[in-house]
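Colleague: Let me begin by handing over the structure; questions about it come next.
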Amino acid sequence: MSCKQKTLKSPISFSGRGLHTGLNVTMTVNPAPAGTGIIFRRTDLEGAPTVPALCDFVTDTSRGTTIEKGEAKVSTIEHIMGSLWSLGVDNAIIDIDAPETPIMDGSGREYAAAVLAAGLEEQDEDIKYYQVTEKISYSIPEKGVEISLFPDEEFGVTVHVDYGSKVLGNQYATFVPGDDFAEKIAPCRTFVFLHELEPLLNLNLIKGGDLDNAIVVVEKPVSESELQRLSKIFDKKDIEITGGYLNNLELRFTNEPARHKLLDILGDFALLGMRIKGQVMATRPGHFANTETIKLVKKNMRKEGVKPRHAYDVNATPVYDINQIRGMLPHRPPFLLVDKIIYLDQQSVAGIKNVTMNEPFFVGHFPEEPVMPGVLIVEAMAQCGGILALSSVEDPKQYSTYFMKIDGVKFKRKVVPGDTLQFELSLMEPIRRGVVLMEAKAFVGKQLAVEAVLMAQIAKNR
């Protein structure tokens, strides 16, 4: 598979009604330069304002996914986003003359067919990936909703839906590398339970909805008078209920509802703006949970994008060398784990530990696969933080620092012989009564290796 970004070879256009607004919509997906991402442009508004298709701009998920920036607002974007993203379109500018995309037949089938007909053009820039390195989860326990991402070299999704419905039952759907999105996922239509439909109809909230663009699931018997009323609402004669579905509907797949939920996930996860390397497991997903999960991923990305604030120059004179550190800390080899301090002020400190094969812990951890124990990396960060804490007292030799609490420890990568650890710690609040609360990070080069929040107590030696 090519690792280069792609856009459409030519524009593709769609016309139809918005599901909720009922407005007639014309939408054209245009090719765009590499690095553009996917952007919606409201051509019906003065100045044609734009909104990027990113989770940062999600403002509503009640009846679909809505993005908004300034005056530019577009709703029900999940089907077009899922189709573009899953078929390899990284960059596009979508012109739209209404606040909602056309619902078409309630699926992504027509969108996918148009993308395949137009074809893709490879661009010069590489695709950007987010590599999942640890489990990321979002859940709503009271609703049985849970979405988790797990580390993997490829992207895949497994969906499980169970609404306690006798008609739907338990359903599963998967999308794995090599699957044909246009054949397997795109044709799957949105679905709604009849008891959910009634309030929406009464509030006039699905003006563009009809029995041609949604699967209506019927759980309970419906009277003849009610069928006649529904017939008038949908302007269709001879409405019937067969097999638990309104109007003798034939499913395109036995698990079409679960596959549609998977289509929604693909569209909502595209709002990360980067392709994902990881496996997704979702139980009873919905637009709110989908987009909240992606916001968690984005938060993780920002954390993982953290780089050292202080450049380490091996030729520069350190703030404290090893002998000066020995004068401040009570630790001694083999438990003195800071070699030099390269930065120190009243709020923060940065230190260095050169990890060599001569470290005594490598004898047993592990003889054939030497890895620095995580607990010792935390201890080394704490020793570095101890220098920050002790620099606040007169005659630091008379004091020691002791752990009170360690929170939020995360290990991002192994530390092995030959690595140089750079510790950076900063006060999270002023030191009060000898209690020190510090944010601590350990880097190898520019890569975050360990992070934690440390609390310590400065105590005078006996």
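Order determines the names: the first chain of the structure tokens is A, the second B, and so forth; residues in each chain are numbered 1 upward, and ligands are numbered 1 upward as they are shown.
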So which residues of region 185-409 of chain A fall under alpha helix (DSSP H) by DSSP, listed as a PyMOL selection string?
Modeller: chain A and resi 194-202+224-234+256-269+287-304+322-328+374-390
Colleague: May I have the residues from that selection written out with C-alpha atoms, as a JSON list (two decimals), in the first residue's frame?
Modeller:
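This is the output file again03.json:
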```json
[["chain", "number", "residue", "atom", "x", "y", "z"],
["A", 194, "LEU", "CA", -40.10, 3.19, 15.81],
["A", 195, "HIS", "CA", -40.45, 4.33, 19.43],
["A", 196, "GLU", "CA", -37.51, 6.72, 18.86],
["A", 197, "LEU", "CA", -38.96, 7.92, 15.57],
["A", 198, "GLU", "CA", -42.25, 9.14, 17.01],
["A", 199, "PRO", "CA", -40.81, 11.99, 19.15],
["A", 200, "LEU", "CA", -38.61, 13.12, 16.25],
["A", 201, "LEU", "CA", -41.58, 13.20, 13.91],
["A", 202, "ASN", "CA", -43.67, 15.09, 16.44],
["A", 224, "GLU", "CA", -54.11, -0.64, 11.79],
["A", 225, "SER", "CA", -54.95, 2.98, 12.63],
["A", 226, "GLU", "CA", -51.33, 3.64, 13.52],
["A", 227, "LEU", "CA", -50.18, 2.14, 10.23],
["A", 228, "GLN", "CA", -52.57, 4.46, 8.38],
["A", 229, "ARG", "CA", -51.18, 7.44, 10.29],
["A", 230, "LEU", "CA", -47.61, 6.43, 9.40],
["A", 231, "SER", "CA", -48.70, 6.00, 5.79],
["A", 232, "LYS", "CA", -49.83, 9.63, 5.72],
["A", 233, "ILE", "CA", -46.68, 10.89, 7.45],
["A", 234, "PHE", "CA", -44.38, 9.16, 4.97],
["A", 256, "GLU", "CA", -26.71, -4.24, 8.53],
["A", 257, "PRO", "CA", -27.35, -2.14, 11.69],
["A", 258, "ALA", "CA", -24.01, -3.19, 13.21],
["A", 259, "ARG", "CA", -22.25, -2.48, 9.92],
["A", 260, "HIS", "CA", -23.86, 0.96, 9.81],
["A", 261, "LYS", "CA", -22.52, 1.69, 13.29],
["A", 262, "LEU", "CA", -19.12, 0.70, 11.93],
["A", 263, "LEU", "CA", -19.57, 3.17, 9.05],
["A", 264, "ASP", "CA", -20.31, 5.88, 11.63],
["A", 265, "ILE", "CA", -17.15, 5.02, 13.57],
["A", 266, "LEU", "CA", -15.03, 5.24, 10.42],
["A", 267, "GLY", "CA", -16.50, 8.66, 9.65],
["A", 268, "ASP", "CA", -16.13, 9.99, 13.18],
["A", 269, "PHE", "CA", -12.61, 8.59, 13.63],
["A", 287, "HIS", "CA", -21.51, 9.72, 17.62],
["A", 288, "PHE", "CA", -20.97, 11.20, 21.08],
["A", 289, "ALA", "CA", -18.82, 8.29, 22.28],
["A", 290, "ASN", "CA", -16.98, 8.12, 18.94],
["A", 291, "THR", "CA", -15.97, 11.77, 18.96],
["A", 292, "GLU", "CA", -15.14, 11.78, 22.68],
["A", 293, "THR", "CA", -12.81, 8.83, 22.05],
["A", 294, "ILE", "CA", -11.09, 10.72, 19.26],
["A", 295, "LYS", "CA", -10.70, 13.74, 21.55],
["A", 296, "LEU", "CA", -8.96, 11.40, 24.03],
["A", 297, "VAL", "CA", -6.66, 10.20, 21.25],
["A", 298, "LYS", "CA", -5.91, 13.83, 20.33],
["A", 299, "LYS", "CA", -5.09, 14.56, 23.96],
["A", 300, "ASN", "CA", -2.73, 11.57, 23.96],
["A", 301, "MET", "CA", -1.11, 12.84, 20.77],
["A", 302, "ARG", "CA", -0.42, 16.19, 22.38],
["A", 303, "LYS", "CA", 1.13, 14.47, 25.38],
["A", 304, "GLU", "CA", 3.24, 12.18, 23.24],
["A", 322, "ILE", "CA", 28.46, 14.56, 40.04],
["A", 323, "ASN", "CA", 30.56, 15.78, 42.97],
["A", 324, "GLN", "CA", 28.26, 18.72, 43.61],
["A", 325, "ILE", "CA", 25.25, 16.39, 43.38],
["A", 326, "ARG", "CA", 26.90, 14.15, 46.00],
["A", 327, "GLY", "CA", 27.10, 17.23, 48.21],
["A", 328, "MET", "CA", 23.31, 17.73, 47.99],
["A", 374, "GLY", "CA", 10.95, 1.34, 35.47],
["A", 375, "VAL", "CA", 10.99, 1.82, 39.24],
["A", 376, "LEU", "CA", 14.59, 3.01, 39.02],
["A", 377, "ILE", "CA", 13.72, 5.52, 36.30],
["A", 378, "VAL", "CA", 11.05, 6.91, 38.63],
["A", 379, "GLU", "CA", 13.61, 6.95, 41.45],
["A", 380, "ALA", "CA", 16.09, 8.81, 39.20],
["A", 381, "MET", "CA", 13.42, 11.41, 38.36],
["A", 382, "ALA", "CA", 12.71, 11.76, 42.08],
["A", 383, "GLN", "CA", 16.41, 12.31, 42.85],
["A", 384, "CYS", "CA", 16.51, 15.02, 40.22],
["A", 385, "GLY", "CA", 13.38, 16.53, 41.76],
["A", 386, "GLY", "CA", 15.04, 16.26, 45.17],
["A", 387, "ILE", "CA", 17.73, 18.66, 43.98],
["A", 388, "LEU", "CA", 15.00, 21.14, 42.95],
["A", 389, "ALA", "CA", 13.34, 20.76, 46.35],
["A", 390, "LEU", "CA", 16.57, 20.97, 48.39]]
```
Colleague: For Val435 (chain A), work out the shell of residues within 10 Å, counting only C-alpha atoms and skipping chain neighbours fewer than 4 positions away, then give it as an NGL selection string.
Modeller: :A and (389 or 401-404 or 429-431 or 455-459)
Colleague: Considering only C-alpha atoms, return as a list in words whatever protein or nucleic-acid residues lie within 12 Å of Phe361 (chain A), sequence-local ones (same chain, fewer than 3 positions apart) excluded.
Modeller: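 Listed by chain and then number, they are Pro333, Pro334, Phe335, Leu337, Val355, Thr356, Met357, Asn358, Gly364, His365, Phe366, Pro367, Glu369, Pro370, Val371, Met372, Pro373, Gly374, Val375, Leu376, Ile377, Val416 and Pro417 of chain A.
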Colleague: Using only C-alpha atoms for the distances, tell me which of A:Arg63, A:His79, A:Lys446, A:Arg109 is nearest to Gly286 (chain A).
Modeller: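 For Gly286 (chain A), the nearest of the candidates is A:Arg63.
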Colleague: Please determine, counting only C-alpha atoms, which residue among A:Ile140, A:Cys188, A:Ile147, A:Val444 has the shortest atom-to-atom distance to Met104 (chain A).
Modeller: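 With only C-alpha atoms as the atom set, the closest residue is A:Cys188.
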Colleague: Go ahead and compute the interatomic distance for CA of Gly243 (chain A) and CA of Val167 (chain A), in Å to one decimal.
Modeller: 7.6 Å
Colleague: Can you pull out the residues contacting Thr36 (chain A)? Cut-off 9 Å, using only C-alpha atoms, and skip same-chain residues under 2 positions away; I want them as a PyMOL selection string.
Modeller: chain A and resi 32-34+38-39+90-93
Colleague: I need the residues in region 373-454 of chain A that are strand (DSSP E or B) according to DSSP; give them as a PyMOL selection string.
Modeller: chain A and resi 399-411+420-427+432+435-444+447-454
Colleague: Return the single residue from A:Thr190, A:Ser392, A:Asn170, A:Gln279 that is closest to Asp345 (chain A), with distances computed using only C-alpha atoms.
Modeller: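 Checking each candidate against Asp345 (chain A), we get A:Ser392 as the closest.
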Colleague: Return the single residue from A:Asp321, A:Thr7, A:Ile276, A:Thr420 that is closest to Thr133 (chain A), with distances computed using only C-alpha atoms.
Modeller: A:Ile276
Colleague: Compare A:Leu116, A:Ile96, A:Val436, A:Ala282 by their minimum atom-to-atom distance to Phe175 (chain A), counting only C-alpha atoms, and give me the closest one.
Modeller: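 Counting only C-alpha atoms, the residue closest to Phe175 (chain A) is A:Ala282.
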Colleague: Calculated over only C-alpha atoms, which of the candidates A:Ser348, A:Asn255, A:Ser62, A:Gln422 has the smallest distance to Ala311 (chain A)?
Modeller: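 For Ala311 (chain A), the nearest of the given residues is A:Gln422.
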Colleague: If you count only C-alpha atoms, which residues fall within 12 Å of Arg462 (chain A), apart from same-chain ones fewer than 5 positions away, as a list in words?
Modeller: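 Residues near the query, excluding close chain neighbours: Lys397, Gln398, Tyr399 and Ser400 of chain A.
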Colleague: Between CA of Leu84 (chain A) and CA of Leu272 (chain A), measure the distance and give it in Å to one decimal.
Modeller: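 Atom-to-atom, CA of Leu84 (chain A) and CA of Leu272 (chain A) are spaced 13.8 Å apart.
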